[in-house]
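Novice: Take this structure, written in structure tokens, and hold onto it; I'll ask about it next.
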Amino acid sequence: MKAAVVVFPGSNCDRDLAVAFERAGFDVSMVWHKDNELPAGVDIVGVPGGFSYGDYLRCGAIAAQSPICKAVVDHASRGGYAIGICNGFQVLTETGVLPGALLRNAGLKYICRTVDLKITTTDSVFTQGYGAGDVIAVPIAHHDGNYYADAETVTQLQDQDRVAFTYVDNPNGSIADIAGILSENRRVLGMMPHPERAADEGHGGTDGLAVFRALTDIVATA
Amino acid sequence: MKARVHVMLKNGVLDPQGEAIRHALGAMGFDKVNGVRQGKVIDLTLADDASEADVTDMCEKLLANTVIESYSIEML
């Protein structure tokens, strides 16, 4: 099983994400933003957190136009698996792979702490390792994590059971407490919280590990 | 040739920065401000044969995120 982690100038969670994939049993390769294609046979692409291109213009906007992102979009449109965490979520919304956008936090402050997330659906490779309604503790670290989509899109996400995680105590003003969403084919997950920072006892908790583990089982048996 | 692009959050999208500015103005005694919206101005220096349609294309593809932002273009 192969995972690729995209590295932009300004990414800072790329190695954490690589370690989480490795723990889950993936061979991981790092791909540079100027690369035009993903390594052959990649099962899942990870778009990591950080501050790609200094968050210039809008968070994720410049990264979304980079050569590697064209390859990531192609991978996703072919039905490939992908996960975007924090800045990676912002990048995936900017590419249009996931709907909506991430606005400045309602309280205007950068928030860096561990929050409780509710598992809203178990119907995805990323969340099937949890029980429906389970509450997990996962760190957040963002300034622009306030999920926004128009009412029609939010209703569609809810009706199609595509909200993966919600905040138990909404920290940033996200509409409908949304912390993470799935693509229509349920193979792309975008989330603001950092499961890769809750994937080792040394992190203070391993509640995030199942996001990567369950995926290994599915990909292995596919 | 130059163009100026104004990018604003769409009406109905909460602008917490604008709200913070409004609160600060109120606290300073400017009591005639009913609302503040903050946006961006992007100045482009263009080739002579560039058209407004080119700038519109730039806005749609990069300069604005039309999920949350609206834009207007001034050809200068």
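Each chain in the structure tokens gets a letter, A, B and so on, in the order shown; residues start at 1 in every chain, and ligands are counted from 1 in the order they appear.
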If you take only C-alpha atoms and a cut-off of 12 Å, which residues of region 9-40 of chain B touch region 56-64 of chain B, and what are their nearest atom pairs and distances in Å to one decimal, in chain and number order, as a Markdown table?
Specialist:
```
| residue | atom | partner | partner_atom | distance |
| --- | --- | --- | --- | --- |
| B:Leu9 | CA | B:Ala64 | CA | 9.3 |
| B:Lys10 | CA | B:Ala64 | CA | 10.7 |
| B:Gly39 | CA | B:Ala64 | CA | 10.8 |
| B:Lys40 | CA | B:Ala64 | CA | 9.7 |
```
Novice: May I have the residues from that selection written out with N, CA and C atoms, as a PDB file, in the first residue's frame?
Specialist:
```
ATOM      1  N   LEU B   9     -16.051  39.773   0.753  1.00  0.00           N
ATOM      2  CA  LEU B   9     -16.877  38.626   1.146  1.00  0.00           C
ATOM      3  C   LEU B   9     -18.299  38.907   0.676  1.00  0.00           C
ATOM      4  N   LYS B  10     -18.977  37.866   0.207  1.00  0.00           N
ATOM      5  CA  LYS B  10     -20.343  38.036  -0.270  1.00  0.00           C
ATOM      6  C   LYS B  10     -21.252  38.504   0.858  1.00  0.00           C
ATOM      7  N   GLY B  39     -12.389  44.179   2.729  1.00  0.00           N
ATOM      8  CA  GLY B  39     -12.072  43.421   1.517  1.00  0.00           C
ATOM      9  C   GLY B  39     -10.634  43.603   1.108  1.00  0.00           C
ATOM     10  N   LYS B  40     -10.363  43.275  -0.141  1.00  0.00           N
ATOM     11  CA  LYS B  40      -9.001  43.371  -0.668  1.00  0.00           C
ATOM     12  C   LYS B  40      -9.024  44.166  -1.955  1.00  0.00           C
TER      13      LYS B  40
END
```
Novice: Using only C-alpha atoms, which chain B residues lie at most 8 Å away from chain A, written as an mmCIF file with N, CA and C atoms, in the first residue's frame?
Specialist:
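The resulting iface.cif:
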```cif
data_model
loop_
_atom_site.group_PDB
_atom_site.id
_atom_site.type_symbol
_atom_site.label_atom_id
_atom_site.label_comp_id
_atom_site.auth_asym_id
_atom_site.auth_seq_id
_atom_site.Cartn_x
_atom_site.Cartn_y
_atom_site.Cartn_z
ATOM 1 N N PRO B 16 -15.883 38.515 10.248
ATOM 2 C CA PRO B 16 -15.496 38.814 11.636
ATOM 3 C C PRO B 16 -14.477 39.954 11.742
ATOM 4 N N GLN B 17 -13.647 40.116 10.697
ATOM 5 C CA GLN B 17 -12.682 41.228 10.745
ATOM 6 C C GLN B 17 -13.396 42.565 10.627
ATOM 7 N N LEU B 62 -8.612 32.493 -9.799
ATOM 8 C CA LEU B 62 -7.652 32.634 -8.703
ATOM 9 C C LEU B 62 -7.948 33.788 -7.747
ATOM 10 N N LEU B 63 -8.179 34.991 -8.289
ATOM 11 C CA LEU B 63 -8.153 36.174 -7.417
ATOM 12 C C LEU B 63 -9.280 36.178 -6.400
ATOM 13 N N ASN B 65 -12.430 33.689 -4.517
ATOM 14 C CA ASN B 65 -13.059 32.372 -4.325
ATOM 15 C C ASN B 65 -14.559 32.627 -4.336
ATOM 16 N N VAL B 67 -17.059 30.989 -3.999
ATOM 17 C CA VAL B 67 -17.915 30.350 -2.990
ATOM 18 C C VAL B 67 -18.242 31.360 -1.881
ATOM 19 N N ILE B 68 -17.275 32.200 -1.569
ATOM 20 C CA ILE B 68 -17.453 33.116 -0.440
ATOM 21 C C ILE B 68 -17.271 34.591 -0.807
#
```
Novice: Do you know which residues are at most 8 Å from Tyr130 (chain A) counting only C-alpha atoms, after dropping those on the same chain fewer than 4 positions away, and could you put them as a list in words?
Specialist: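 The filter keeps Ile119, Thr122, Asp134 and Ala210 of chain A.
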Novice: Restricting it to N, CA and C atoms, dump the selection as a PDB file, in the first residue's frame.
Specialist:
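Result went into selection-v5.pdb, see below:
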```pdb
ATOM      1  N   ILE A 119     -18.021  11.615  15.894  1.00  0.00           N
ATOM      2  CA  ILE A 119     -18.022  10.878  14.628  1.00  0.00           C
ATOM      3  C   ILE A 119     -19.459  10.916  14.098  1.00  0.00           C
ATOM      4  N   THR A 122     -20.021   6.712  10.069  1.00  0.00           N
ATOM      5  CA  THR A 122     -18.988   5.663  10.025  1.00  0.00           C
ATOM      6  C   THR A 122     -18.904   5.073   8.621  1.00  0.00           C
ATOM      7  N   ASP A 134     -19.318   8.248  18.531  1.00  0.00           N
ATOM      8  CA  ASP A 134     -18.116   8.278  19.378  1.00  0.00           C
ATOM      9  C   ASP A 134     -17.580   9.701  19.461  1.00  0.00           C
ATOM     10  N   ALA A 210      -7.114   5.764  14.064  1.00  0.00           N
ATOM     11  CA  ALA A 210      -8.087   4.951  13.311  1.00  0.00           C
ATOM     12  C   ALA A 210      -8.404   5.554  11.950  1.00  0.00           C
TER      13      ALA A 210
END
```
Novice: Provide the CA of Val97 (chain A) to CA of Gly190 (chain A) distance in Å, to one decimal place.
Specialist: 9.6 Å
Novice: Go through chain B and collect every residue that DSSP, computed from the backbone, puts in strand (DSSP E); the answer should be as number ranges by chain.
Specialist: B: 2-9, 39-45, 69-75
Novice: Can you tell me, as a ChimeraX atom specification, what residues are no more than 10 Å from Phe212 (chain A) when counting only C-alpha atoms, ignoring any on the same chain fewer than 6 positions away?
Specialist: /A:17,20-26,83,125-127,129,195-196,199
Novice: Would you export the selected residues with C-alpha atoms as a compact mmCIF listing (two decimals), in the first residue's frame, please?
Specialist:
```
# COMPACT_ATOMS: atom_id res chain seq x y z
CA LEU A 17 1.36 12.90 8.29
CA ALA A 20 0.94 8.46 10.71
CA PHE A 21 0.67 6.74 7.32
CA GLU A 22 3.74 4.63 8.14
CA ARG A 23 2.25 3.59 11.48
CA ALA A 24 -0.83 2.47 9.59
CA GLY A 25 1.32 0.30 7.31
CA PHE A 26 1.80 2.45 4.22
CA ILE A 83 -7.14 13.18 2.82
CA VAL A 125 -12.84 4.33 5.01
CA PHE A 126 -11.65 7.14 7.26
CA THR A 127 -14.30 6.77 9.95
CA GLY A 129 -12.85 2.35 12.61
CA PRO A 195 -5.64 13.22 13.50
CA GLU A 196 -1.93 12.77 12.68
CA ALA A 199 -1.58 8.97 16.45
```
Novice: Residues at most 12 Å from Ile68 (chain A), counting only C-alpha atoms, excluding those fewer than 6 positions away in the same chain, as a ChimeraX atom specification?
Specialist: /A:4-8,30-39,45-47,62,74-75,91,95
Novice: Could you tell me how far CA of Ile136 (chain A) sits from CA of Glu201 (chain A), in Å to one decimal place?
Specialist: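 Computing the Euclidean distance for CA of Glu201 (chain A) and CA of Ile136 (chain A) yields 14.6 Å.
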Novice: For the structure I just gave you, how does DSSP split region 31-141 of chain A - specifically, which residues are helix (DSSP H, G or I)? Reply as a ChimeraX atom specification.
Specialist: /A:52-55,63-65,67-77,87-95
Novice: Can you tell me how far CA of Ile42 (chain B) sits from CA of Leu92 (chain A), in Å to one decimal?
Specialist: 23.9 Å
